[in-house]
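First comes the structure, then the notes that go with it.
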Amino acid sequence: MGRRYDSDELLEPARGRRRPGTRVGVALGLLGIVALLLAIAAAGSWWYLFLRPDGASVQPGQAVQIEIPQGASTAAIAERLSLAGVVANANMFRLEARRAGVDGQLRAGIYDLQTGMSYEEVIAQLRSGSPIIYVTVTIPEGWVIEEIAERVERDTGIPAAEFEQLAGKGFEEFPREYLRNVPDGSLEGYLFPKTYRVEDGSSARDVIEMMLDQFEIEVAEMDVDAAKARGFTLHELVTMASIIERETRVAGERAYVSSVIHNRLEKGMRLEIDATIEYLLPGTRFRLTYEDLQIDSPYNTYRNAGLPPGPICSPGLASLKAAAAPADTPYIYYVLTDPDGSHTFTETYDEFLRAKALSKEVFGE
């Protein structure tokens, strides 16, 4: 016979029992949630690593020049491209390069690219190689036009004579307002010293234009207005800066040499600076002779009051800033007293004579 049930048992729900499918359903539900979370995490990681923009925040279509060094890895190239905004994501670029089978085959060179390019476009250009050949030309601070012209000829093949001739025509050939009243039309002092990348096949004019452009960029960092308020023109500041450049070997002394120049000009004293005489002489000399000091030239600051007519070399930015903002000192003399190029600065003539005697002890007659 079948089991008999009391009526109460039929009415009371079973305690501690579950239907077999309940536990499985809960497990499947939990697995579904975990799978969803993992999918979200994976999607987020993919976006973060490969899709999110990590380059420069710039508008697409802007010209960008990128240099890929010899031996650079795909990872290093990707980072450089993304920081410049050429591609949106460095990791995605690496992935696309791997997919294209060109990992390790991207060529060094200088490339003219644009912001917001596709990965495929950039990879194609870097695989084919740079279409532009550049030459590096380094112009040190304190060089004169003749030295600059020789370096340009050595590194680019542009004839030095052609460069010098063009650099002597000033405003006539390079109509920039600050060159309008430069005496003799010389660009001395305005060819900014720097390392330049000159495109193969450039002319002397191209190189000079590049140097003048750089001069304007550098001068924008100077407080020219304050100096002009004291009565100095930009040309006079460049002239002062060129003297400071040639007179100093210790960086911390630039502002002090500048203060001596400013103080002497204010007092109406002749500058009596050796570098202005050396500009007139061939080669270099440690000490000037009495005959050197008698040279008849407006650049001879031993015979003429005020600044020379123009710069005596191409000054760097530090000397330009020192000319515009001299140290606040009472000094009106300085003497070279240390083999490292350091000077002794003095306020009185007696102190100057003692410093001069010390200089003779250090360097001899």
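Ligands are numbered from 1 in the order shown, residues from 1 within each chain, and chains are lettered A, B, ... in the order they appear in the structure tokens.
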What's around A:Lys267 at 12 Å? Count only C-alpha atoms, leave out sequence neighbours fewer than 2 positions away in its own chain, and write the answer as a count of residues only. 14
Where does stretch 109-195 of chain A meet stretch 80-83 of chain A within 10 Å, residue by residue, with the nearest atom pair and distance in Å to one decimal for each, counting only C-alpha atoms, listed by chain and rising number, as a Markdown table?
```
| residue | atom | partner | partner_atom | distance |
| --- | --- | --- | --- | --- |
| A:Leu113 | CA | A:Leu81 | CA | 9.6 |
| A:Thr115 | CA | A:Leu81 | CA | 9.0 |
| A:Gly116 | CA | A:Ser82 | CA | 9.5 |
| A:Val122 | CA | A:Leu81 | CA | 9.1 |
```
Enumerate as an NGL selection string all residues of stretch 149-353 of chain A assigned to strand (DSSP E) by DSSP on the backbone, naming them with the chain letters and numbers the document uses. :A and (195-199 or 333-336 or 343-346)
Residues from the last selection, N, CA and C atoms, saved as a compact mmCIF listing (two decimals), in the first residue's frame:
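again.txt written:
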```txt
# COMPACT_ATOMS: atom_id res chain seq x y z
N THR A 195 72.31 74.44 -31.99
CA THR A 195 72.44 73.29 -32.88
C THR A 195 71.23 73.25 -33.80
N TYR A 196 71.49 73.30 -35.09
CA TYR A 196 70.42 73.34 -36.09
C TYR A 196 70.43 72.07 -36.93
N ARG A 197 69.24 71.68 -37.38
CA ARG A 197 69.09 70.60 -38.35
C ARG A 197 68.73 71.25 -39.68
N VAL A 198 69.68 71.22 -40.57
CA VAL A 198 69.54 71.91 -41.86
C VAL A 198 69.20 70.88 -42.93
N GLU A 199 68.11 71.13 -43.64
CA GLU A 199 67.69 70.21 -44.69
C GLU A 199 68.71 70.20 -45.83
N TYR A 333 85.13 98.03 -12.13
CA TYR A 333 86.33 97.37 -12.64
C TYR A 333 86.20 95.85 -12.46
N TYR A 334 86.89 95.12 -13.32
CA TYR A 334 87.07 93.68 -13.07
C TYR A 334 88.37 93.24 -13.73
N VAL A 335 89.02 92.27 -13.08
CA VAL A 335 90.32 91.79 -13.54
C VAL A 335 90.33 90.26 -13.49
N LEU A 336 90.86 89.63 -14.53
CA LEU A 336 91.00 88.17 -14.54
C LEU A 336 92.07 87.77 -13.53
N HIS A 343 86.99 86.37 -12.33
CA HIS A 343 87.47 87.73 -12.21
C HIS A 343 87.33 88.23 -10.78
N THR A 344 88.11 89.25 -10.47
CA THR A 344 87.91 90.00 -9.23
C THR A 344 87.24 91.32 -9.60
N PHE A 345 86.13 91.62 -8.95
CA PHE A 345 85.37 92.84 -9.23
C PHE A 345 85.63 93.86 -8.13
N THR A 346 85.84 95.09 -8.55
CA THR A 346 86.16 96.13 -7.56
C THR A 346 85.37 97.41 -7.84
```
Please identify all polymer residues within 7 Å of stretch 127-133 of chain A, counting only C-alpha atoms, omitting same-chain residues fewer than 6 positions from it, and present them as number ranges by chain. A: 105-111, 199-200
Tell me, counting only C-alpha atoms, for each residue of stretch 137-189 of chain A within 12 Å of stretch 214-232 of chain A, which pair of atoms is nearest and how far apart they are in Å to one decimal, in rows ordered by chain and increasing number, as JSON lines.
```
{"residue": "A:Arg176", "atom": "CA", "partner": "A:Glu216", "partner_atom": "CA", "distance": 10.1}
{"residue": "A:Glu177", "atom": "CA", "partner": "A:Glu216", "partner_atom": "CA", "distance": 11.2}
{"residue": "A:Tyr178", "atom": "CA", "partner": "A:Glu216", "partner_atom": "CA", "distance": 9.7}
{"residue": "A:Leu179", "atom": "CA", "partner": "A:Glu216", "partner_atom": "CA", "distance": 11.5}
{"residue": "A:Leu187", "atom": "CA", "partner": "A:Phe215", "partner_atom": "CA", "distance": 11.2}
{"residue": "A:Glu188", "atom": "CA", "partner": "A:Phe215", "partner_atom": "CA", "distance": 11.9}
{"residue": "A:Gly189", "atom": "CA", "partner": "A:Phe215", "partner_atom": "CA", "distance": 9.4}
```
Quick one: residues within 10 Å of A:Ala97, only C-alpha atoms counted, chain neighbours fewer than 2 positions away excluded, as a list in words?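 The neighbour list is Thr74, Ala78, Asn91, Met92, Phe93, Arg94, Leu95, Arg99, Ala100, Gly101, Val102, Asp103, Gly104, Gln105, Leu106, Tyr119, Glu120, Val122, Ile123, Ala124 and Arg127 of chain A.
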Secondary structure check, alpha helix (DSSP H) residues of stretch 167-355 of chain A, as an MDAnalysis selection string: chainID A and resid 167 170:173 204:219 224:229 234:247 254:267 274:278 317:324 349:355
Just how far from atom CA of A:Gln294 is atom CA of A:Ala275, in Å to one decimal? 14.3 Å
Length of the atom CA of A:Ile158 to atom CA of A:Val207 vector [Å]: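 Between these atoms lies a distance of 9.5 Å.
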Nearest residue to A:Asp184 out of A:Pro311, A:Gly85, A:Gly61, A:Gly157, using only C-alpha atoms?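 The shortest atom-to-atom distance to A:Asp184 comes from A:Pro311.
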Shortest interatomic distance to A:Glu266 - which of A:Leu307, A:Pro315, A:Tyr302, A:Glu278, counting only C-alpha atoms: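 Among A:Leu307, A:Pro315, A:Tyr302, A:Glu278, it is A:Leu307 that comes nearest to A:Glu266.
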